[in-house]
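> Structure supplied as query00.cif; contents: mmCIF, C-alpha atoms.
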```cif
data_model
loop_
_atom_site.label_atom_id
_atom_site.label_comp_id
_atom_site.auth_asym_id
_atom_site.auth_seq_id
_atom_site.Cartn_x
_atom_site.Cartn_y
_atom_site.Cartn_z
CA MET A 1 159.56 69.63 -3.73
CA ARG A 2 156.28 71.23 -4.79
CA PHE A 3 153.80 69.31 -6.93
CA LYS A 4 150.98 70.42 -9.18
CA VAL A 5 148.36 67.72 -9.75
CA LEU A 6 146.06 67.85 -12.76
CA ALA A 7 143.22 65.54 -13.76
CA PHE A 8 144.11 62.93 -16.41
CA LEU A 9 141.44 61.79 -18.82
CA PRO A 10 141.05 58.38 -20.49
CA PHE A 11 143.52 58.14 -23.33
CA SER A 12 144.39 56.86 -26.81
CA PHE A 13 147.78 56.59 -28.52
CA PRO A 14 149.44 58.51 -31.36
CA LEU A 15 151.16 56.61 -34.14
CA CYS A 16 154.92 56.28 -33.90
CA LEU A 17 156.72 58.51 -36.37
CA LEU A 18 157.54 56.32 -39.38
CA ALA A 19 159.09 53.65 -37.17
CA VAL A 20 161.68 56.15 -36.02
CA LEU A 21 160.39 57.32 -32.66
CA GLY A 22 160.03 54.81 -29.85
CA CYS A 23 156.43 54.34 -28.82
CA GLY A 24 155.16 55.98 -25.71
CA GLY A 25 152.12 56.12 -23.53
CA PRO A 26 149.61 58.21 -21.66
CA SER A 27 149.45 61.92 -21.21
CA ALA A 28 146.84 64.36 -20.08
CA LYS A 29 144.46 67.20 -20.70
CA ASP A 30 144.88 69.85 -18.03
CA GLU A 31 141.82 70.68 -15.94
CA GLY A 32 143.46 73.03 -13.46
CA PRO A 33 145.60 72.58 -10.37
CA THR A 34 144.49 70.99 -7.12
CA SER A 35 146.26 70.43 -3.83
CA PRO A 36 149.32 68.17 -3.86
CA PRO A 37 148.74 64.61 -2.63
CA ARG A 38 149.64 64.17 1.03
CA ALA A 39 147.91 60.94 2.03
CA GLY A 40 149.43 58.52 -0.43
CA ILE A 41 148.46 57.43 -3.90
CA LEU A 42 144.88 56.65 -2.89
CA SER A 43 144.30 60.36 -2.22
CA LEU A 44 144.39 60.98 -5.96
CA SER A 45 141.29 61.10 -8.12
CA PRO A 46 140.23 57.90 -9.89
CA GLY A 47 141.77 57.54 -13.34
CA TRP A 48 144.90 59.29 -14.50
CA ASN A 49 146.38 62.26 -12.64
CA THR A 50 149.19 64.51 -13.89
CA ILE A 51 151.97 65.67 -11.58
CA GLU A 52 154.27 68.54 -12.49
CA PRO A 53 157.29 68.36 -10.16
CA GLY A 54 159.05 71.54 -11.33
CA GLY A 55 162.45 72.17 -9.77
CA GLU A 56 165.33 70.99 -11.92
CA THR A 57 163.19 68.69 -14.07
CA THR A 58 163.04 69.58 -17.75
CA CYS A 59 162.62 68.30 -21.28
CA SER A 60 165.43 68.46 -23.83
CA ARG A 61 164.75 72.00 -25.08
CA GLY A 62 163.50 73.49 -21.81
CA ASP A 63 159.84 72.47 -21.95
CA PRO A 64 158.33 71.36 -18.62
CA PHE A 65 158.39 67.75 -17.51
CA LYS A 66 155.43 65.97 -15.94
CA TYR A 67 154.41 62.43 -15.18
CA PHE A 68 151.18 60.50 -14.73
CA VAL A 69 149.76 58.45 -11.87
CA ARG A 70 146.71 56.20 -11.81
CA PRO A 71 145.69 54.78 -8.43
CA GLY A 72 144.68 51.12 -8.39
CA THR A 73 142.75 48.92 -6.02
CA VAL A 74 145.49 46.51 -4.92
CA ASN A 75 148.83 47.14 -3.21
CA ARG A 76 150.82 46.49 -6.36
CA LEU A 77 152.71 49.03 -8.43
CA ILE A 78 153.69 49.49 -12.07
CA VAL A 79 156.58 51.89 -12.71
CA GLU A 80 156.70 52.45 -16.44
CA PHE A 81 159.19 54.40 -18.55
CA ARG A 82 158.06 55.89 -21.84
CA GLY A 83 159.99 55.33 -25.06
CA GLY A 84 160.85 57.93 -27.66
CA GLY A 85 164.14 57.53 -29.52
CA ALA A 86 167.45 59.15 -28.53
CA CYS A 87 169.98 61.73 -29.71
CA TRP A 88 173.75 62.04 -29.34
CA ASN A 89 175.20 64.47 -31.94
CA ALA A 90 174.34 67.53 -34.01
CA THR A 91 172.55 65.47 -36.63
CA THR A 92 170.38 63.38 -34.33
CA CYS A 93 169.70 66.23 -31.88
CA SER A 94 168.84 68.93 -34.41
CA ALA A 95 165.38 70.46 -34.27
CA GLY A 96 164.45 68.82 -37.56
CA ALA A 97 165.81 65.36 -36.80
CA ALA A 98 162.49 64.08 -35.39
CA ILE A 99 164.07 60.89 -34.05
CA PHE A 100 163.47 61.50 -30.37
CA GLN A 101 160.60 62.70 -28.21
CA GLU A 102 161.25 66.35 -27.25
CA THR A 103 158.21 67.14 -25.11
CA VAL A 104 155.68 65.34 -22.96
CA SER A 105 152.83 64.56 -25.34
CA GLU A 106 149.24 65.58 -24.65
CA ASP A 107 147.76 62.78 -26.76
CA PRO A 108 145.92 60.17 -24.64
CA LEU A 109 145.57 56.39 -25.19
CA ALA A 110 143.58 53.46 -23.85
CA THR A 111 144.90 50.28 -25.44
CA GLY A 112 147.24 47.47 -24.48
CA ILE A 113 148.43 47.50 -20.87
CA TYR A 114 146.50 50.77 -20.35
CA ASP A 115 143.14 49.10 -20.96
CA HIS A 116 142.17 48.79 -17.31
CA GLU A 117 138.72 47.48 -18.19
CA ASN A 118 140.03 44.40 -20.00
CA PRO A 119 139.69 41.28 -17.82
CA ASP A 120 142.71 39.76 -19.59
CA ASN A 121 144.97 42.59 -18.37
CA PRO A 122 147.16 41.13 -15.61
CA PHE A 123 147.77 44.66 -14.28
CA ARG A 124 144.28 46.15 -14.51
CA ASP A 125 143.98 46.72 -10.73
CA TRP A 126 147.56 47.86 -10.03
CA HIS A 127 148.70 51.38 -9.19
CA HIS A 128 150.35 52.74 -12.35
CA VAL A 129 153.06 55.40 -12.46
CA TYR A 130 153.98 56.47 -15.98
CA ILE A 131 157.25 58.40 -16.46
CA PRO A 132 157.38 60.21 -19.83
CA TYR A 133 160.56 60.73 -21.80
CA CYS A 134 161.72 63.90 -23.52
CA THR A 135 165.49 64.09 -22.96
CA GLY A 136 167.05 61.83 -25.63
CA ASP A 137 169.16 59.87 -23.12
CA ILE A 138 167.21 56.63 -22.42
CA HIS A 139 166.25 57.96 -18.94
CA TRP A 140 169.91 57.76 -17.84
CA GLY A 141 171.35 61.23 -18.48
CA ASP A 142 172.35 64.17 -16.33
CA ASN A 143 174.07 66.65 -18.62
CA VAL A 144 173.55 69.76 -20.73
CA ALA A 145 175.36 69.23 -24.01
CA THR A 146 175.91 71.50 -27.01
CA TYR A 147 176.37 69.76 -30.33
CA GLY A 148 177.71 71.41 -33.48
CA GLU A 149 179.11 74.90 -33.94
CA GLY A 150 177.96 78.37 -34.91
CA SER A 151 174.46 78.73 -36.30
CA GLY A 152 174.16 74.94 -36.42
CA ALA A 153 174.82 74.45 -32.71
CA VAL A 154 172.07 72.86 -30.64
CA THR A 155 171.89 72.56 -26.85
CA ILE A 156 170.13 69.57 -25.34
CA ARG A 157 169.20 69.07 -21.70
CA HIS A 158 169.93 65.39 -21.17
CA LYS A 159 168.20 65.33 -17.78
CA GLY A 160 166.39 62.00 -17.91
CA ALA A 161 167.86 60.85 -14.60
CA VAL A 162 166.81 64.10 -12.90
CA ASN A 163 163.24 63.61 -14.13
CA VAL A 164 163.13 59.98 -13.02
CA ARG A 165 164.45 60.81 -9.56
CA ALA A 166 161.72 63.42 -9.12
CA ALA A 167 159.07 60.86 -10.06
CA LEU A 168 160.55 58.15 -7.85
CA ASP A 169 160.79 60.52 -4.88
CA TRP A 170 157.03 60.93 -5.19
CA VAL A 171 156.53 57.19 -5.59
CA TYR A 172 158.59 56.35 -2.52
CA ALA A 173 156.66 58.89 -0.43
CA ASN A 174 153.20 57.90 -1.67
CA VAL A 175 153.52 54.13 -2.20
CA PRO A 176 155.62 53.22 0.85
CA ALA A 177 155.27 49.44 0.93
CA PRO A 178 153.91 47.79 -2.22
CA GLU A 179 153.58 44.02 -2.29
CA LYS A 180 154.85 43.83 -5.88
CA VAL A 181 156.54 46.22 -8.28
CA PHE A 182 156.49 45.73 -12.06
CA VAL A 183 159.18 47.86 -13.71
CA THR A 184 158.74 48.19 -17.45
CA GLY A 185 159.00 50.41 -20.51
CA CYS A 186 159.21 50.18 -24.27
CA SER A 187 162.05 51.31 -26.54
CA ALA A 188 164.17 53.88 -24.67
CA GLY A 189 161.95 53.07 -21.69
CA ALA A 190 163.19 49.48 -21.80
CA TYR A 191 166.66 50.74 -20.85
CA GLY A 192 165.12 52.86 -18.14
CA SER A 193 163.40 49.75 -16.82
CA ILE A 194 166.55 47.66 -16.37
CA MET A 195 168.77 50.41 -14.93
CA TRP A 196 166.19 51.83 -12.54
CA SER A 197 164.93 48.38 -11.51
CA ALA A 198 168.04 48.06 -9.35
CA HIS A 199 167.19 51.32 -7.60
CA LEU A 200 163.60 50.23 -7.02
CA ARG A 201 164.66 46.84 -5.72
CA GLU A 202 167.21 48.45 -3.39
CA HIS A 203 164.56 50.82 -2.02
CA TYR A 204 161.68 48.34 -1.74
CA LYS A 205 163.59 45.66 0.14
CA ASN A 206 160.46 43.68 1.08
CA ALA A 207 158.69 43.84 -2.28
CA SER A 208 158.68 41.33 -5.11
CA VAL A 209 160.23 43.23 -8.05
CA VAL A 210 159.76 42.15 -11.68
CA GLN A 211 161.41 43.88 -14.66
CA PHE A 212 160.16 43.67 -18.27
CA ALA A 213 161.99 45.45 -21.11
CA ASP A 214 159.82 45.90 -24.18
CA SER A 215 161.87 46.23 -27.37
CA GLY A 216 165.20 47.36 -25.94
CA ALA A 217 167.87 44.70 -26.49
CA GLY A 218 170.77 47.17 -26.22
CA ILE A 219 172.57 46.27 -29.43
CA ILE A 220 174.92 49.20 -30.07
CA THR A 221 178.28 49.73 -31.75
CA GLU A 222 181.63 50.18 -30.00
CA THR A 223 182.00 53.53 -31.73
CA PHE A 224 178.73 54.78 -30.27
CA PHE A 225 179.64 53.58 -26.79
CA LYS A 226 183.07 55.20 -26.94
CA ASP A 227 182.29 58.49 -28.67
CA SER A 228 178.61 59.30 -28.09
CA PHE A 229 177.23 57.53 -25.03
CA PRO A 230 179.42 59.61 -22.64
CA SER A 231 177.64 62.82 -23.73
CA TRP A 232 174.66 61.77 -21.59
CA LYS A 233 176.81 61.55 -18.42
CA PRO A 234 174.84 58.69 -16.88
CA ALA A 235 177.36 57.83 -14.14
CA GLY A 236 175.14 59.23 -11.39
CA ILE A 237 172.57 56.46 -11.76
CA TYR A 238 174.92 53.48 -11.95
CA PRO A 239 174.18 50.85 -9.26
CA THR A 240 177.67 51.15 -7.82
CA TRP A 241 176.60 49.29 -4.68
CA ILE A 242 176.49 46.07 -6.74
CA PRO A 243 179.82 44.22 -6.41
CA GLY A 244 181.74 43.94 -9.66
CA PHE A 245 179.68 46.53 -11.52
CA ASP A 246 181.94 48.14 -14.13
CA PRO A 247 180.53 50.95 -16.33
CA ALA A 248 183.15 50.16 -18.97
CA GLU A 249 181.28 46.93 -19.70
CA LEU A 250 177.95 48.59 -20.53
CA ALA A 251 178.65 48.38 -24.26
CA ASN A 252 177.17 44.92 -23.71
CA LEU A 253 173.83 45.48 -22.02
CA PHE A 254 173.70 41.85 -20.99
CA VAL A 255 176.32 42.67 -18.32
CA LEU A 256 173.80 44.94 -16.57
CA TYR A 257 171.24 42.13 -16.51
CA GLU A 258 173.83 39.71 -15.19
CA LYS A 259 175.04 41.98 -12.40
CA ILE A 260 171.54 42.93 -11.25
CA GLY A 261 170.35 39.33 -11.47
CA ALA A 262 173.29 38.04 -9.45
CA HIS A 263 172.95 40.69 -6.74
CA TYR A 264 169.16 40.28 -6.44
CA PRO A 265 168.49 36.58 -7.05
CA ASP A 266 164.82 37.04 -6.07
CA MET A 267 164.17 39.51 -8.92
CA ARG A 268 162.65 38.41 -12.20
CA LEU A 269 164.24 40.03 -15.26
CA SER A 270 162.95 39.79 -18.82
CA GLN A 271 162.95 41.12 -22.38
CA TYR A 272 160.49 41.18 -25.27
CA ASN A 273 161.70 41.68 -28.85
CA THR A 274 160.53 40.99 -32.37
CA VAL A 275 163.08 39.22 -34.49
CA TYR A 276 163.55 42.12 -36.94
CA ASP A 277 162.48 45.16 -34.90
CA ASP A 278 162.39 48.11 -37.34
CA ASP A 279 163.16 50.81 -34.78
CA GLN A 280 166.00 49.01 -33.05
CA ILE A 281 167.55 48.25 -36.43
CA PHE A 282 167.15 51.91 -37.46
CA PHE A 283 169.08 53.16 -34.44
CA PHE A 284 171.67 50.38 -34.77
CA ASN A 285 172.33 51.50 -38.34
CA ALA A 286 172.41 55.17 -37.27
CA MET A 287 175.23 54.19 -34.89
CA GLY A 288 177.15 52.57 -37.74
CA GLY A 289 175.73 49.06 -37.42
CA GLY A 290 175.54 46.42 -40.11
CA GLY A 291 171.87 46.01 -40.98
CA ALA A 292 168.91 43.84 -40.01
CA GLU A 293 170.57 40.42 -39.99
CA ALA A 294 173.55 41.70 -37.99
CA TRP A 295 171.25 43.29 -35.42
CA SER A 296 169.01 40.22 -35.15
CA GLU A 297 171.95 37.87 -34.66
CA ALA A 298 173.50 40.14 -32.04
CA MET A 299 170.15 40.49 -30.24
CA ARG A 300 169.66 36.73 -30.04
CA ALA A 301 173.26 36.22 -28.91
CA SER A 302 172.79 38.80 -26.15
CA ILE A 303 169.63 37.10 -24.93
CA ALA A 304 171.33 33.71 -24.98
CA HIS A 305 174.19 35.16 -22.95
CA ILE A 306 171.82 36.42 -20.23
CA GLU A 307 169.85 33.17 -20.20
CA ALA A 308 173.04 31.15 -19.72
CA SER A 309 174.25 33.24 -16.79
CA THR A 310 171.08 34.48 -15.06
CA PRO A 311 168.53 31.87 -13.90
CA THR A 312 165.91 34.53 -13.12
CA PHE A 313 165.89 35.93 -16.69
CA SER A 314 163.28 35.02 -19.31
CA SER A 315 162.82 36.28 -22.85
CA TYR A 316 159.95 36.43 -25.32
CA LEU A 317 160.93 36.58 -29.00
CA ALA A 318 158.08 37.24 -31.43
CA PRO A 319 158.10 37.12 -35.23
CA GLY A 320 157.91 40.25 -37.34
CA SER A 321 159.34 43.74 -37.16
CA ALA A 322 156.91 45.71 -34.97
CA HIS A 323 158.45 47.91 -32.30
CA CYS A 324 156.96 47.86 -28.78
CA ILE A 325 153.98 45.81 -27.62
CA LEU A 326 152.86 47.35 -24.31
CA TRP A 327 150.59 50.00 -25.85
CA ARG A 328 149.28 47.98 -28.79
CA PRO A 329 145.92 46.16 -28.99
CA GLU A 330 148.03 43.15 -30.02
CA PHE A 331 149.26 43.05 -26.41
CA TYR A 332 146.36 40.61 -25.89
CA THR A 333 146.72 38.54 -29.05
CA VAL A 334 150.40 38.24 -30.01
CA GLU A 335 151.61 34.65 -29.78
CA SER A 336 155.01 33.04 -30.20
CA GLY A 337 156.06 29.43 -29.78
CA GLY A 338 152.47 28.51 -28.93
CA THR A 339 152.31 30.96 -25.98
CA ARG A 340 150.30 34.17 -25.81
CA LEU A 341 152.33 37.08 -24.48
CA VAL A 342 149.62 38.26 -22.09
CA ARG A 343 149.50 34.85 -20.39
CA TRP A 344 153.32 34.76 -20.28
CA LEU A 345 153.36 38.16 -18.58
CA ASP A 346 150.70 37.07 -16.13
CA ALA A 347 152.93 34.19 -15.08
CA LEU A 348 155.96 36.45 -14.94
CA ALA A 349 154.28 38.94 -12.61
CA ASN A 350 151.80 36.82 -10.69
CA GLY A 351 152.71 33.14 -10.97
CA GLU A 352 155.57 30.76 -11.56
CA PRO A 353 158.47 32.18 -13.61
CA PRO A 354 157.78 31.31 -17.26
CA PRO A 355 160.39 29.75 -19.52
CA SER A 356 161.77 31.73 -22.43
CA VAL A 357 159.68 31.71 -25.61
CA ALA A 358 160.84 32.04 -29.22
CA CYS A 359 159.03 31.98 -32.54
CA ASP A 360 159.13 28.65 -34.38
CA ASP A 361 159.34 30.29 -37.82
CA CYS A 362 160.70 33.76 -37.28
CA GLY A 363 160.85 34.65 -40.96
CA SER A 364 163.28 37.01 -42.67
CA PRO A 365 163.80 40.79 -42.74
#
```
Using the file provided, produce a representation of the structure as C-alpha cells.

Amino acid sequence: MRFKVLAFLPFSFPLCLLAVLGCGGPSAKDEGPTSPPRAGILSLSPGWNTIEPGGETTCSRGDPFKYFVRPGTVNRLIVEFRGGGACWNATTCSAGAAIFQETVSEDPLATGIYDHENPDNPFRDWHHVYIPYCTGDIHWGDNVATYGEGSGAVTIRHKGAVNVRAALDWVYANVPAPEKVFVTGCSAGAYGSIMWSAHLREHYKNASVVQFADSGAGIITETFFKDSFPSWKPAGIYPTWIPGFDPAELANLFVLYEKIGAHYPDMRLSQYNTVYDDDQIFFFNAMGGGGAEAWSEAMRASIAHIEASTPTFSSYLAPGSAHCILWRPEFYTVESGGTRLVRWLDALANGEPPPSVACDDCGSP
C-alpha cells in the first residue's frame, strides 16, 4: 500500500450540526507530500500528520479517505474512531439529509483529549492515531448500496471497515509492540471502538488493551436491526474467533461487550453516556424508537446487563443531554457521583480499574 503523508497543524473543533451529527475530531491543512514513514511512528514529524492510504479506501460519495497520526513520547497508543451519524435508507442517505459525516473534515481542534499540553490529560504523551468517519456505517461496513429509485436514487459507499483496515495495517507496521492501547471513539466511533477493540487485542497479544465508548450505548429498534442494519454488510469484521459469538444477537450491543469481555478477561471495557443524550435519542427515534424516557431506560438496562455479566466493564453516567465528551473542554471538569471523569479515565487507563459511576440526581428530559 502506498501512503502520502502531509503535515497536520494544531487544531480546533467545529460545532456538531444541531445535535444531529456525531461529534468528531482532528483533521489537517495540507502542506504537500513527503516520503512515506518507514521507520515507525517516531519517524513522523512532531504534531499531527495526515496519511492518505488510497487503494480501496473511500468516503460515502467517493471523496478520498485519510487519517491522522500524532507521535508521542511513551510506548502507549490511542486508536480513536471519529463519530458522525449514520445512514441506512433513501431518506437518511440523501444528499440533503445532513445526518452523517460525508467527508473527512479539514477543520482542526485542540480541546479535550486533544489538548496535549494540559497536565491533567492522562493521554498527553501517548501516540495518537485518529481514524475519521465518512461512510455512514459506524466503521463496520463493507458494501456499496443504492437507496431509492429513479431520480431519487442515491448510492453510498459503506466502506468504513475498509478504511479502518487500511489505518490499522499502518498502525501494526509502525507501532509493533505498544505497552498499552486505548481504543476509543465518540458517537458512531464508540461502536467502532468496541468492535475493533477485539481485533486490536487479538493482534497486540502482549499489550494491555482498554476500550472506552463515548456516547454509543447501542440502543436500536428490532425493525432497524432486521431491515436496515444488513445494508452495511458488516459480517467481515465480526470477531468470529470468539467462541459463542452470534451476529444475530447484535441487536443487543451488550452481547458484544459480554463476548469480548469473556474471551479477553484482561481487557478493560467501558462506556460513557449522559442520561438523556440528545443525539442518541434522535437516532433512536429515527429508527422508530419511543422517545427520551424509553431510550434512557433501555440505555441504563443495557449497562446494568453488562455490569452484571462482565467484571472488567465499568460505566460512567453523567447528567444532562450533551453528546460526546472526548473533544469538549468539559472533558476536564465534568463530574458525576462525586467523581471527575478525567480522574476516572486516568484510573481506567493507568491505574486500578474504577467502579462504575452514576449521577445522584440525573434530572429529567
> Taking all atoms listed in the file into account, produce a table as CSV in which each residue of segment 295-339 of chain A with an atom at most 12 Å from an atom of segment 83-96 of chain A appears once, together with its shortest atom pair and the distance in Å to one decimal, ordered by chain and rising number.

```
residue,atom,partner,partner_atom,distance
A:His323,CA,A:Gly83,CA,10.5
A:Cys324,CA,A:Gly83,CA,8.9
A:Ile325,CA,A:Gly83,CA,11.5
A:Leu326,CA,A:Gly83,CA,10.7
A:Trp327,CA,A:Gly83,CA,10.8
```
> How would you write, as number ranges by chain, the residues chosen by the PyMOL selection byres ((chain A and resi 195-201) around 9) on this structure?
A: 139-140, 164, 168, 181-184, 190-194, 202-211, 237-239, 256-257, 260, 264, 267
> May I ask which of the residues A:Pro234, A:Thr155, A:Gly261, A:Val175 is the closest one to Val74 of chain A, counting only C-alpha atoms?
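Closest residue, counting only C-alpha atoms: A:Val175.
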> Quick one, how far is atom CA of Glu117 of chain A from atom CA of Arg328 of chain A?
15.0 Å
> Could you tell me which of A:Ser302, A:Phe282, A:Pro311, A:Gly320 comes closest to Ala262 of chain A if we count only C-alpha atoms?
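Nearest to Ala262 of chain A: A:Pro311.
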> Just how far from atom CA of Asp246 of chain A is atom CA of Pro355 of chain A, in Å to one decimal?
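Pair atom CA of Pro355 of chain A / atom CA of Asp246 of chain A returns 28.8 Å.
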> Expand the PyMOL selection byres ((chain A and resi 213-229) around 6) into the individual residues it matches in the shown file, reporting them as a list in words.
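Going through the file, the PyMOL selection byres ((chain A and resi 213-229) around 6) ends up selecting Trp88, Thr184, Gly185, Cys186, Ser187, Ala190, Phe212, Pro230, Ser231, Ala251, Leu253, Gln271, Tyr272, Asn273, Phe284, Met287 and Cys324 of chain A.
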> Report as a ChimeraX atom specification all protein, DNA and RNA residues lying within 12 Å of Asn143 of chain A, evaluated on only C-alpha atoms, omitting residues in the same chain fewer than 4 positions from it.
/A:56-60,88,135-137,139,155-162,229-236
> Specify as a PDB file with C-alpha atoms, keeping the file's coordinate frame each residue included when the PyMOL selection byres ((chain A and resi 297) around 12) is applied to this file.

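See out_16.pdb below for the written result:
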```pdb
ATOM      1  CA  ALA A 217     167.870  44.700 -26.490  1.00  0.00           C
ATOM      2  CA  ILE A 219     172.570  46.270 -29.430  1.00  0.00           C
ATOM      3  CA  VAL A 275     163.080  39.220 -34.490  1.00  0.00           C
ATOM      4  CA  TYR A 276     163.550  42.120 -36.940  1.00  0.00           C
ATOM      5  CA  ASP A 277     162.480  45.160 -34.900  1.00  0.00           C
ATOM      6  CA  ILE A 281     167.550  48.250 -36.430  1.00  0.00           C
ATOM      7  CA  GLY A 290     175.540  46.420 -40.110  1.00  0.00           C
ATOM      8  CA  GLY A 291     171.870  46.010 -40.980  1.00  0.00           C
ATOM      9  CA  ALA A 292     168.910  43.840 -40.010  1.00  0.00           C
ATOM     10  CA  GLU A 293     170.570  40.420 -39.990  1.00  0.00           C
ATOM     11  CA  ALA A 294     173.550  41.700 -37.990  1.00  0.00           C
ATOM     12  CA  TRP A 295     171.250  43.290 -35.420  1.00  0.00           C
ATOM     13  CA  SER A 296     169.010  40.220 -35.150  1.00  0.00           C
ATOM     14  CA  ALA A 298     173.500  40.140 -32.040  1.00  0.00           C
ATOM     15  CA  MET A 299     170.150  40.490 -30.240  1.00  0.00           C
ATOM     16  CA  ARG A 300     169.660  36.730 -30.040  1.00  0.00           C
ATOM     17  CA  ALA A 301     173.260  36.220 -28.910  1.00  0.00           C
ATOM     18  CA  SER A 302     172.790  38.800 -26.150  1.00  0.00           C
ATOM     19  CA  ILE A 303     169.630  37.100 -24.930  1.00  0.00           C
ATOM     20  CA  ALA A 304     171.330  33.710 -24.980  1.00  0.00           C
ATOM     21  CA  SER A 364     163.280  37.010 -42.670  1.00  0.00           C
ATOM     22  CA  PRO A 365     163.800  40.790 -42.740  1.00  0.00           C
TER      23      PRO A 365
END
```
> If I take atom CA of Ser43 of chain A and atom CA of Gly55 of chain A, how far is one from the other in Å, to one decimal?
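We find that atom CA of Ser43 of chain A and atom CA of Gly55 of chain A lie 22.9 Å from each other.
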> For Pro176 of chain A, which residue out of A:Arg268, A:His128, A:Arg76, A:Lys259 is the nearest one, using only C-alpha atoms?
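So, comparing all the options, the nearest one is A:Arg76.
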